[in-house]
Structures are given as C-alpha cells and as structure tokens.
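Chemist: Enclosed is the structure file target.tsv (TSV, C-alpha atoms).
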chain	number	residue	atom	x	y	z
A	1	MET	CA	3.63	-13.62	37.32
A	2	GLU	CA	1.41	-11.36	35.21
A	3	PHE	CA	0.29	-12.95	31.97
A	4	PRO	CA	-0.12	-10.98	28.73
A	5	ALA	CA	-3.64	-9.89	27.77
A	6	VAL	CA	-3.71	-12.05	24.63
A	7	GLU	CA	-1.35	-14.78	23.40
A	8	LEU	CA	-1.51	-16.81	20.21
A	9	ASP	CA	1.07	-19.58	20.27
A	10	HIS	CA	1.67	-21.17	16.84
A	11	VAL	CA	-2.03	-20.97	16.02
A	12	THR	CA	-3.34	-22.41	12.77
A	13	LYS	CA	-6.97	-22.51	11.66
A	14	CYS	CA	-8.03	-24.49	8.60
A	15	TYR	CA	-11.35	-24.75	6.84
A	16	GLY	CA	-10.97	-27.99	4.96
A	17	THR	CA	-7.88	-27.51	2.78
A	18	LYS	CA	-7.93	-23.72	3.14
A	19	ILE	CA	-5.54	-22.25	5.74
A	20	ALA	CA	-7.18	-19.12	7.16
A	21	VAL	CA	-4.59	-18.50	9.90
A	22	ASP	CA	-1.09	-19.89	9.40
A	23	ASN	CA	1.12	-20.64	12.44
A	24	LEU	CA	0.35	-17.28	14.07
A	25	CYS	CA	2.46	-16.22	17.05
A	26	LEU	CA	1.38	-12.97	18.66
A	27	THR	CA	1.47	-11.41	22.12
A	28	VAL	CA	-0.59	-8.38	23.13
A	29	ARG	CA	0.48	-6.73	26.37
A	30	ARG	CA	-1.84	-5.48	29.09
A	31	GLY	CA	-2.66	-1.79	28.80
A	32	GLU	CA	-2.04	-1.79	25.05
A	33	LEU	CA	-4.18	-0.67	22.15
A	34	PHE	CA	-3.22	-3.13	19.44
A	35	ALA	CA	-4.43	-2.61	15.85
A	36	PHE	CA	-4.72	-5.74	13.72
A	37	LEU	CA	-4.54	-4.88	10.03
A	38	GLY	CA	-4.76	-6.72	6.74
A	39	PRO	CA	-6.59	-6.89	3.41
A	40	ASN	CA	-9.93	-8.67	2.99
A	41	GLY	CA	-9.52	-12.40	3.47
A	42	ALA	CA	-6.27	-12.06	5.42
A	43	GLY	CA	-7.67	-13.96	8.42
A	44	LYS	CA	-8.34	-11.07	10.81
A	45	THR	CA	-11.92	-11.97	11.72
A	46	THR	CA	-11.00	-15.64	12.06
A	47	THR	CA	-8.23	-14.63	14.48
A	48	ILE	CA	-10.66	-12.51	16.49
A	49	LYS	CA	-13.13	-15.40	16.72
A	50	LEU	CA	-10.33	-17.66	17.92
A	51	ILE	CA	-9.45	-15.14	20.66
A	52	CYS	CA	-13.10	-14.90	21.73
A	53	GLY	CA	-13.59	-18.67	21.77
A	54	LEU	CA	-16.11	-18.63	18.91
A	55	LEU	CA	-13.80	-20.90	16.89
A	56	ARG	CA	-11.33	-23.56	17.94
A	57	PRO	CA	-7.83	-23.58	16.48
A	58	THR	CA	-6.83	-26.50	14.29
A	59	SER	CA	-3.51	-26.43	16.15
A	60	GLY	CA	-1.76	-24.17	18.63
A	61	THR	CA	-3.01	-22.41	21.76
A	62	VAL	CA	-4.92	-19.18	22.35
A	63	ARG	CA	-4.76	-17.60	25.81
A	64	VAL	CA	-6.55	-14.61	27.31
A	65	LEU	CA	-5.02	-13.34	30.56
A	66	GLY	CA	-3.21	-16.67	30.83
A	67	TYR	CA	-6.34	-18.82	30.40
A	68	ASP	CA	-6.47	-21.33	27.56
A	69	VAL	CA	-9.53	-20.29	25.52
A	70	VAL	CA	-10.36	-23.92	24.65
A	71	ARG	CA	-9.71	-25.67	27.99
A	72	GLN	CA	-10.59	-22.75	30.29
A	73	GLY	CA	-13.09	-20.95	28.11
A	74	GLU	CA	-15.38	-19.70	30.86
A	75	LEU	CA	-12.48	-18.14	32.76
A	76	ALA	CA	-11.03	-16.62	29.58
A	77	ARG	CA	-14.34	-15.05	28.55
A	78	ARG	CA	-15.10	-13.69	32.02
A	79	SER	CA	-12.77	-10.72	31.51
A	80	LEU	CA	-13.28	-10.29	27.76
A	81	ALA	CA	-15.90	-8.46	25.70
A	82	TYR	CA	-16.36	-8.56	21.92
A	83	VAL	CA	-17.87	-6.01	19.55
A	84	ALA	CA	-18.44	-7.58	16.13
A	85	ASP	CA	-18.29	-5.75	12.82
A	86	GLU	CA	-22.05	-6.24	12.35
A	87	PRO	CA	-23.99	-5.16	15.46
A	88	TYR	CA	-26.63	-7.71	16.41
A	89	LEU	CA	-29.58	-6.88	18.65
A	90	TYR	CA	-32.87	-8.65	19.31
A	91	GLU	CA	-35.19	-6.63	17.10
A	92	LYS	CA	-38.22	-6.98	19.40
A	93	LEU	CA	-36.37	-5.70	22.47
A	94	THR	CA	-35.67	-2.09	23.25
A	95	GLY	CA	-32.07	-1.04	23.73
A	96	ARG	CA	-32.64	-0.83	27.49
A	97	GLU	CA	-34.18	-4.31	27.57
A	98	PHE	CA	-31.20	-5.67	25.63
A	99	LEU	CA	-28.71	-4.11	28.06
A	100	THR	CA	-30.74	-5.43	30.99
A	101	LEU	CA	-30.61	-8.93	29.49
A	102	VAL	CA	-26.84	-8.64	29.12
A	103	TYR	CA	-26.13	-7.63	32.71
A	104	ARG	CA	-28.44	-10.34	34.04
A	105	LEU	CA	-26.77	-13.00	31.88
A	106	TYR	CA	-23.44	-12.00	33.40
A	107	GLY	CA	-24.77	-12.18	36.94
A	108	MET	CA	-24.48	-8.49	37.77
A	109	ASP	CA	-26.71	-7.31	40.61
A	110	GLU	CA	-29.73	-5.20	39.67
A	111	LEU	CA	-28.55	-1.99	41.32
A	112	THR	CA	-25.13	-2.06	39.62
A	113	GLY	CA	-26.62	-3.11	36.29
A	114	LYS	CA	-29.19	-0.32	36.22
A	115	ARG	CA	-26.61	2.26	37.31
A	116	ARG	CA	-24.22	1.16	34.56
A	117	ILE	CA	-27.00	1.36	31.95
A	118	GLU	CA	-27.77	4.94	32.94
A	119	GLU	CA	-24.08	5.86	32.78
A	120	LEU	CA	-23.70	4.33	29.32
A	121	VAL	CA	-26.95	5.83	27.98
A	122	ASP	CA	-25.54	9.18	29.04
A	123	LEU	CA	-22.08	8.48	27.64
A	124	PHE	CA	-23.33	7.37	24.21
A	125	ASP	CA	-26.15	9.93	24.08
A	126	MET	CA	-28.83	7.23	23.64
A	127	ALA	CA	-31.63	8.72	25.76
A	128	GLY	CA	-33.64	9.67	22.67
A	129	TYR	CA	-34.07	6.09	21.46
A	130	ILE	CA	-32.96	3.62	24.16
A	131	ASP	CA	-36.61	2.75	25.00
A	132	TYR	CA	-37.67	2.15	21.36
A	133	LEU	CA	-37.55	-1.28	19.71
A	134	ALA	CA	-34.20	-2.13	18.14
A	135	GLU	CA	-35.92	-2.78	14.80
A	136	THR	CA	-36.29	1.01	14.46
A	137	TYR	CA	-32.57	1.71	14.94
A	138	SER	CA	-30.07	2.82	12.33
A	139	HIS	CA	-26.75	0.97	12.05
A	140	GLY	CA	-25.03	3.67	14.09
A	141	MET	CA	-27.64	3.46	16.87
A	142	LYS	CA	-27.21	-0.32	17.03
A	143	GLN	CA	-23.45	0.07	17.16
A	144	ARG	CA	-23.69	2.38	20.15
A	145	VAL	CA	-25.94	-0.05	22.04
A	146	VAL	CA	-23.59	-2.95	21.27
A	147	PHE	CA	-20.60	-0.94	22.51
A	148	ALA	CA	-22.53	-0.12	25.67
A	149	ALA	CA	-23.27	-3.83	26.17
A	150	ALA	CA	-19.58	-4.66	25.82
A	151	LEU	CA	-18.62	-2.04	28.40
A	152	LEU	CA	-21.29	-2.95	30.98
A	153	ARG	CA	-18.90	-5.27	32.87
A	154	ASP	CA	-15.84	-3.03	32.42
A	155	PRO	CA	-13.87	-5.89	30.77
A	156	GLU	CA	-10.10	-6.15	31.10
A	157	VAL	CA	-9.80	-7.10	27.42
A	158	LEU	CA	-11.99	-5.47	24.75
A	159	VAL	CA	-11.93	-7.01	21.26
A	160	VAL	CA	-13.45	-4.88	18.50
A	161	ASP	CA	-13.85	-5.66	14.81
A	162	GLU	CA	-14.21	-2.56	12.59
A	163	PRO	CA	-15.43	-0.38	15.48
A	164	LEU	CA	-16.18	2.80	13.51
A	165	VAL	CA	-18.25	1.38	10.65
A	166	GLY	CA	-21.57	3.24	10.38
A	167	LEU	CA	-20.80	5.80	13.08
A	168	ASP	CA	-21.22	9.52	12.55
A	169	PRO	CA	-18.12	11.68	13.18
A	170	PRO	CA	-19.02	12.71	16.77
A	171	THR	CA	-19.68	9.08	17.80
A	172	ALA	CA	-16.56	7.88	16.00
A	173	ARG	CA	-14.54	10.43	17.96
A	174	LEU	CA	-16.22	9.29	21.20
A	175	VAL	CA	-15.35	5.64	20.48
A	176	LYS	CA	-11.71	6.45	19.66
A	177	ASP	CA	-11.41	8.45	22.88
A	178	LEU	CA	-13.02	5.62	24.87
A	179	LEU	CA	-10.62	3.03	23.43
A	180	LYS	CA	-7.60	5.16	24.30
A	181	GLN	CA	-9.02	5.91	27.75
A	182	ARG	CA	-9.41	2.19	28.50
A	183	THR	CA	-5.72	1.53	27.89
A	184	ARG	CA	-4.71	4.53	30.01
A	185	HIS	CA	-6.55	2.86	32.88
A	186	GLY	CA	-4.83	-0.50	32.36
A	187	GLY	CA	-7.33	-2.18	30.05
A	188	THR	CA	-6.38	-3.79	26.74
A	189	VAL	CA	-7.95	-3.20	23.33
A	190	PHE	CA	-7.49	-5.56	20.39
A	191	MET	CA	-8.88	-3.74	17.35
A	192	SER	CA	-9.22	-4.95	13.78
A	193	THR	CA	-9.77	-2.19	11.23
A	194	HIS	CA	-9.44	-1.31	7.55
A	195	THR	CA	-9.31	2.38	8.47
A	196	LEU	CA	-5.55	2.86	8.53
A	197	SER	CA	-5.77	6.50	9.58
A	198	VAL	CA	-7.54	5.38	12.78
A	199	ALA	CA	-4.85	2.78	13.49
A	200	GLU	CA	-2.18	5.43	12.90
A	201	GLU	CA	-3.95	7.80	15.29
A	202	VAL	CA	-4.70	5.54	18.24
A	203	ALA	CA	-2.63	2.32	18.17
A	204	ASP	CA	0.34	1.64	20.45
A	205	ARG	CA	1.41	-1.21	18.17
A	206	ILE	CA	0.16	-2.76	14.96
A	207	GLY	CA	0.19	-6.24	13.49
A	208	ILE	CA	-0.22	-6.80	9.75
A	209	LEU	CA	-1.68	-10.07	8.50
A	210	ASN	CA	-1.60	-11.26	4.88
A	211	ARG	CA	-2.94	-14.61	3.68
A	212	GLY	CA	-3.06	-15.85	7.24
A	213	ARG	CA	0.54	-14.95	8.07
A	214	LEU	CA	1.78	-12.20	10.37
A	215	ILE	CA	4.18	-10.16	8.23
A	216	TRP	CA	4.85	-7.26	10.62
A	217	CYS	CA	4.39	-6.50	14.31
A	218	GLY	CA	5.63	-3.44	16.18
A	219	THR	CA	5.15	0.29	16.41
A	220	ILE	CA	4.59	2.46	13.36
A	221	GLU	CA	7.79	4.34	14.19
A	222	GLN	CA	9.72	1.06	14.20
A	223	LEU	CA	8.28	0.27	10.78
A	224	ARG	CA	9.28	3.69	9.45
A	225	ARG	CA	12.81	3.29	10.78
A	226	GLU	CA	13.10	-0.16	9.25
A	227	ARG	CA	11.91	1.12	5.87
A	228	GLN	CA	13.90	4.37	6.22
A	229	THR	CA	10.94	6.58	5.41
A	230	ASP	CA	8.49	8.91	7.11
A	231	ALA	CA	5.62	7.71	4.90
A	232	ARG	CA	2.05	7.40	6.15
A	233	LEU	CA	0.87	4.03	7.45
A	234	GLU	CA	-1.34	3.61	4.36
A	235	ASP	CA	1.67	3.73	2.02
A	236	LEU	CA	3.75	1.46	4.26
A	237	PHE	CA	0.89	-1.02	4.53
A	238	LEU	CA	0.31	-1.21	0.77
A	239	THR	CA	4.02	-1.69	0.10
A	240	LEU	CA	4.33	-4.48	2.66
A	241	ILE	CA	1.24	-6.30	1.38
A	242	ALA	CA	2.44	-6.08	-2.24
A	243	GLU	CA	5.92	-7.36	-1.35
A	244	GLU	CA	4.63	-10.20	0.80
A	245	THR	CA	2.02	-11.27	-1.75
A	246	GLU	CA	4.68	-11.38	-4.46
A	247	ALA	CA	6.98	-13.39	-2.18
A	248	GLN	CA	4.24	-15.90	-1.33
A	249	GLN	CA	3.31	-16.30	-4.98
A	250	HIS	CA	6.97	-16.91	-5.83
A	251	GLU	CA	7.18	-19.49	-3.04
A	252	GLN	CA	4.14	-21.28	-4.43
A	253	ARG	CA	5.55	-21.29	-7.98
A	254	THR	CA	8.92	-22.68	-6.91
A	255	SER	CA	7.35	-25.39	-4.75
A	256	THR	CA	5.24	-26.84	-7.59
Step by step, read the file and then write its structure as structure tokens.
Modeler:
Amino acid sequence: MEFPAVELDHVTKCYGTKIAVDNLCLTVRRGELFAFLGPNGAGKTTTIKLICGLLRPTSGTVRVLGYDVVRQGELARRSLAYVADEPYLYEKLTGREFLTLVYRLYGMDELTGKRRIEELVDLFDMAGYIDYLAETYSHGMKQRVVFAAALLRDPEVLVVDEPLVGLDPPTARLVKDLLKQRTRHGGTVFMSTHTLSVAEEVADRIGILNRGRLIWCGTIEQLRRERQTDARLEDLFLTLIAEETEAQQHEQRTST
C-alpha cells in the first residue's frame, strides 16, 4: 500500500483559547504540487509547522509518507525538506560552509555532498557569492542558498512557505520550474503562498484556509465549474473568503 505524501486527520492546534487550526482534514497525493492559500492569520504557517514536526497538534494526527509526525518524527522528517518564509543562515558561515554543514548533519558522504553542492551552485547561479559570508547576502541570495540546502538530499516531500518572496524575476522563474519539475519526477510539493497568480500557474490542486478551517480543496477548474464562472483565482478566492467570513460571523452571533 502506498501512503499519501501528507495527511492531516482531524487536526486541531490551539494556542491557549485561540484555535489556529480547526479540525483540519487534508490529503496531499504523491507527485502533486499542492498550493495552500488563505489570508493572513488563517493558520497556513501553523499547518506547515505541524507537517514539519516543529509543532505538535492539540488533537488529531499528521502523517508524512505514512509516518506519524509525532510518534515517528525521525522517519517522517527523513524524506521531507522545509523552506521557511524567512531564510535563515548562520551569518558567520559562507554559503558553501552552510551547505557542507547541512549534508554532514544528514549523514551524506563527502563525495556525494560536494558533488551536490557544485550542481546546486550551478543551478542557482551562486558561484559569484557562495564563498562569501552569509552576512553579506541579500534576501534573494539567502533564499537561493536555503533552497539549495533543502534540495541537497533530493527529498520526496518539499514544503515551502512563500517561496518567491525577495526573488528577482529570473530566480522566481527558476524556482517555479524546479517545483513543477519535482512533481513530474514523482516528488511532492506543499506550497503556501499569497501570490495567487503563482498558485494559478503551477498548482495541481489548491486548498483554501480561513480562520483555521479548510473551506475549499480541489482543482481551480473544479472551483470554476462549481461557481459557474471563468473568473481568475484571485476573484474566486476573495469571494470565497468574504462568504465564509460572513458565515462564521453569523454562526458566532447566533451561538451567543
């Protein structure tokens, strides 16, 4: 039996009395580029941290490739890589030293690690700065190094939060092509983004989160058929969020 890439089974995450993720059920298939959308504060980053094992759910189960992220965390993380919305590097290391640290932490042999670094330096056009200290890097340079670090092990599941923030147009195009290429070769990408045009361009399916609840999941074409319109994703998204927010507010008023 082949397990899905990512499963969230009735997952809730609370911070005190605040519910950040509310009874979320979601399955992401292998070989899929899944775009996770929602307004600020919807719970997207919390969901991503739950998938990556950086947070524990208050209730429910998160699985990556069939492994329970809480009970089998090491196995779950072995085939997963995460690119956060804010790239973090050790400022007093060069980009090459940082990538070397990453492959050694993951137990890759020296020959393979060094070969992969050279391939990724080439791919992301980093030769001009990879041997300078990270403290001299722009946001876009840091983002490229962080992406390279995530791809060093060729992970089966790649989780990315706002992947194109701070990238110039050529690098943004490169990243979009890389994400699509990974799914064509059987990998899975779980991508959170506010850039709806990017989701519309590259995603196989989308999920829309609002106030911690999943309010839509499927293809953009399915959403258009349901709404009987050929509108852009941006217009569909704004309509759905407005309708769901109004419905939740009405629910709150009638329950008090």
Chemist: Find the distance between CA of Arg184 (chain A) and CA of Phe147 (chain A) and write it in Å to one decimal.
Modeler: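 Computing it gives 18.4 Å between the two atoms.
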Chemist: Please determine, counting all atoms listed in the file, which residue among A:Pro163, A:Pro155, A:Gly140, A:Gly66 has the shortest atom-to-atom distance to Glu2 (chain A).
Modeler: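 Between A:Pro163, A:Pro155, A:Gly140, A:Gly66, the residue approaching Glu2 (chain A) most closely is A:Gly66.
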Chemist: Do a neighbour search on Pro170 (chain A) at 12 Å with only C-alpha atoms, toss out local chain neighbours closer than 6 positions, and write the hits as a list of chain:residue names.
Modeler: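 Those residues are A:Phe124, A:Asp125, A:Gly140, A:Arg144, A:Leu164, A:Lys176, A:Asp177.
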Chemist: Near region 90-98 of chain A, counting all atoms listed in the file, which residues have an atom at most 12 Å away, once you skip same-chain residues fewer than 5 positions from it, shown as number ranges by chain?
Modeler: A: 103-105, 113-118, 120-121, 126-138, 141-150, 152
Chemist: Between A:Ser197, A:Ser59, A:Thr27, A:Asn210, which residue has the minimum interatomic distance to Glu234 (chain A), considering all atoms listed in the file?
Modeler: A:Ser197
Chemist: From the set A:Asp230, A:Val157, A:His10, A:Arg211, which residue has the shortest atom-to-atom contact distance to Glu246 (chain A), counting only C-alpha atoms?
Modeler: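 Closest residue, counting only C-alpha atoms: A:Arg211.
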Chemist: Which residues, written as an mmCIF file with C-alpha atoms, keeping the file's coordinate frame, have at least one atom at most 12 Å from Asp68 (chain A), with all atoms listed in the file counted and residues fewer than 2 positions away on the same chain left out?
Modeler:
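Output file selection.cif is given in full below:
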data_model
loop_
_atom_site.group_PDB
_atom_site.id
_atom_site.type_symbol
_atom_site.label_atom_id
_atom_site.label_comp_id
_atom_site.auth_asym_id
_atom_site.auth_seq_id
_atom_site.Cartn_x
_atom_site.Cartn_y
_atom_site.Cartn_z
ATOM 1 C CA PHE A 3 0.290 -12.950 31.970
ATOM 2 C CA ALA A 5 -3.640 -9.890 27.770
ATOM 3 C CA VAL A 6 -3.710 -12.050 24.630
ATOM 4 C CA GLU A 7 -1.350 -14.780 23.400
ATOM 5 C CA LEU A 8 -1.510 -16.810 20.210
ATOM 6 C CA ASP A 9 1.070 -19.580 20.270
ATOM 7 C CA LEU A 50 -10.330 -17.660 17.920
ATOM 8 C CA ILE A 51 -9.450 -15.140 20.660
ATOM 9 C CA CYS A 52 -13.100 -14.900 21.730
ATOM 10 C CA GLY A 53 -13.590 -18.670 21.770
ATOM 11 C CA ARG A 56 -11.330 -23.560 17.940
ATOM 12 C CA PRO A 57 -7.830 -23.580 16.480
ATOM 13 C CA GLY A 60 -1.760 -24.170 18.630
ATOM 14 C CA THR A 61 -3.010 -22.410 21.760
ATOM 15 C CA VAL A 62 -4.920 -19.180 22.350
ATOM 16 C CA ARG A 63 -4.760 -17.600 25.810
ATOM 17 C CA VAL A 64 -6.550 -14.610 27.310
ATOM 18 C CA LEU A 65 -5.020 -13.340 30.560
ATOM 19 C CA GLY A 66 -3.210 -16.670 30.830
ATOM 20 C CA VAL A 70 -10.360 -23.920 24.650
ATOM 21 C CA ARG A 71 -9.710 -25.670 27.990
ATOM 22 C CA GLN A 72 -10.590 -22.750 30.290
ATOM 23 C CA GLY A 73 -13.090 -20.950 28.110
ATOM 24 C CA GLU A 74 -15.380 -19.700 30.860
ATOM 25 C CA LEU A 75 -12.480 -18.140 32.760
ATOM 26 C CA ALA A 76 -11.030 -16.620 29.580
ATOM 27 C CA ARG A 77 -14.340 -15.050 28.550
#
Chemist: Would you please work out which residue, of A:Leu26, A:Cys217, A:Leu174, A:Val165, is nearest to Pro4 (chain A) when using all atoms listed in the file?
Modeler: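 Result for the nearest residue to Pro4 (chain A): A:Leu26.
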Chemist: Using only C-alpha atoms, which of A:Val28, A:Gly107, A:Asn23, A:Thr12 sits nearest Gly218 (chain A)?
Modeler: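 Comparing A:Val28, A:Gly107, A:Asn23, A:Thr12 against Gly218 (chain A), the winner is A:Val28.
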Chemist: To one decimal in Å, tell me the separation between CA of Thr229 (chain A) and CA of Ala35 (chain A).
Modeler: 20.7 Å
Chemist: CA of Glu200 (chain A) and CA of Gly38 (chain A) are how many Å apart?
Modeler: 13.9 Å
Chemist: With all atoms listed in the file as the atoms that count, which of A:Lys49, A:Arg78, A:Arg213, A:Arg182 lies nearest to Ala20 (chain A)?
Modeler: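 Ranked by minimum distance to Ala20 (chain A), first place goes to A:Arg213.
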Chemist: Is there a way to get, as a list in words, all residues within 8 Å of the point (-13.3, -3.3, 22.9) in file coordinates, counting all atoms listed in the file?
Modeler: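 Collected hits near the coordinates: Ala81, Tyr82, Val83, Phe147, Ala150, Leu151, Val157, Leu158, Val159, Val160, Leu179, Thr188, Val189, Phe190 and Met191 of chain A.
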Chemist: Could you please take those selected residues and save C-alpha atoms as an mmCIF file, keeping the file's coordinate frame?
Modeler:
data_model
loop_
_atom_site.group_PDB
_atom_site.id
_atom_site.type_symbol
_atom_site.label_atom_id
_atom_site.label_comp_id
_atom_site.auth_asym_id
_atom_site.auth_seq_id
_atom_site.Cartn_x
_atom_site.Cartn_y
_atom_site.Cartn_z
ATOM 1 C CA ALA A 81 -15.900 -8.460 25.700
ATOM 2 C CA TYR A 82 -16.360 -8.560 21.920
ATOM 3 C CA VAL A 83 -17.870 -6.010 19.550
ATOM 4 C CA PHE A 147 -20.600 -0.940 22.510
ATOM 5 C CA ALA A 150 -19.580 -4.660 25.820
ATOM 6 C CA LEU A 151 -18.620 -2.040 28.400
ATOM 7 C CA VAL A 157 -9.800 -7.100 27.420
ATOM 8 C CA LEU A 158 -11.990 -5.470 24.750
ATOM 9 C CA VAL A 159 -11.930 -7.010 21.260
ATOM 10 C CA VAL A 160 -13.450 -4.880 18.500
ATOM 11 C CA LEU A 179 -10.620 3.030 23.430
ATOM 12 C CA THR A 188 -6.380 -3.790 26.740
ATOM 13 C CA VAL A 189 -7.950 -3.200 23.330
ATOM 14 C CA PHE A 190 -7.490 -5.560 20.390
ATOM 15 C CA MET A 191 -8.880 -3.740 17.350
#
Chemist: Name the residues in contact with Thr219 (chain A) at a cut-off of 12 Å, using all atoms listed in the file, excluding same-chain residues fewer than 3 positions from it; report them as a ChimeraX atom specification.
Modeler: /A:32-36,199-208,216,222-226,233
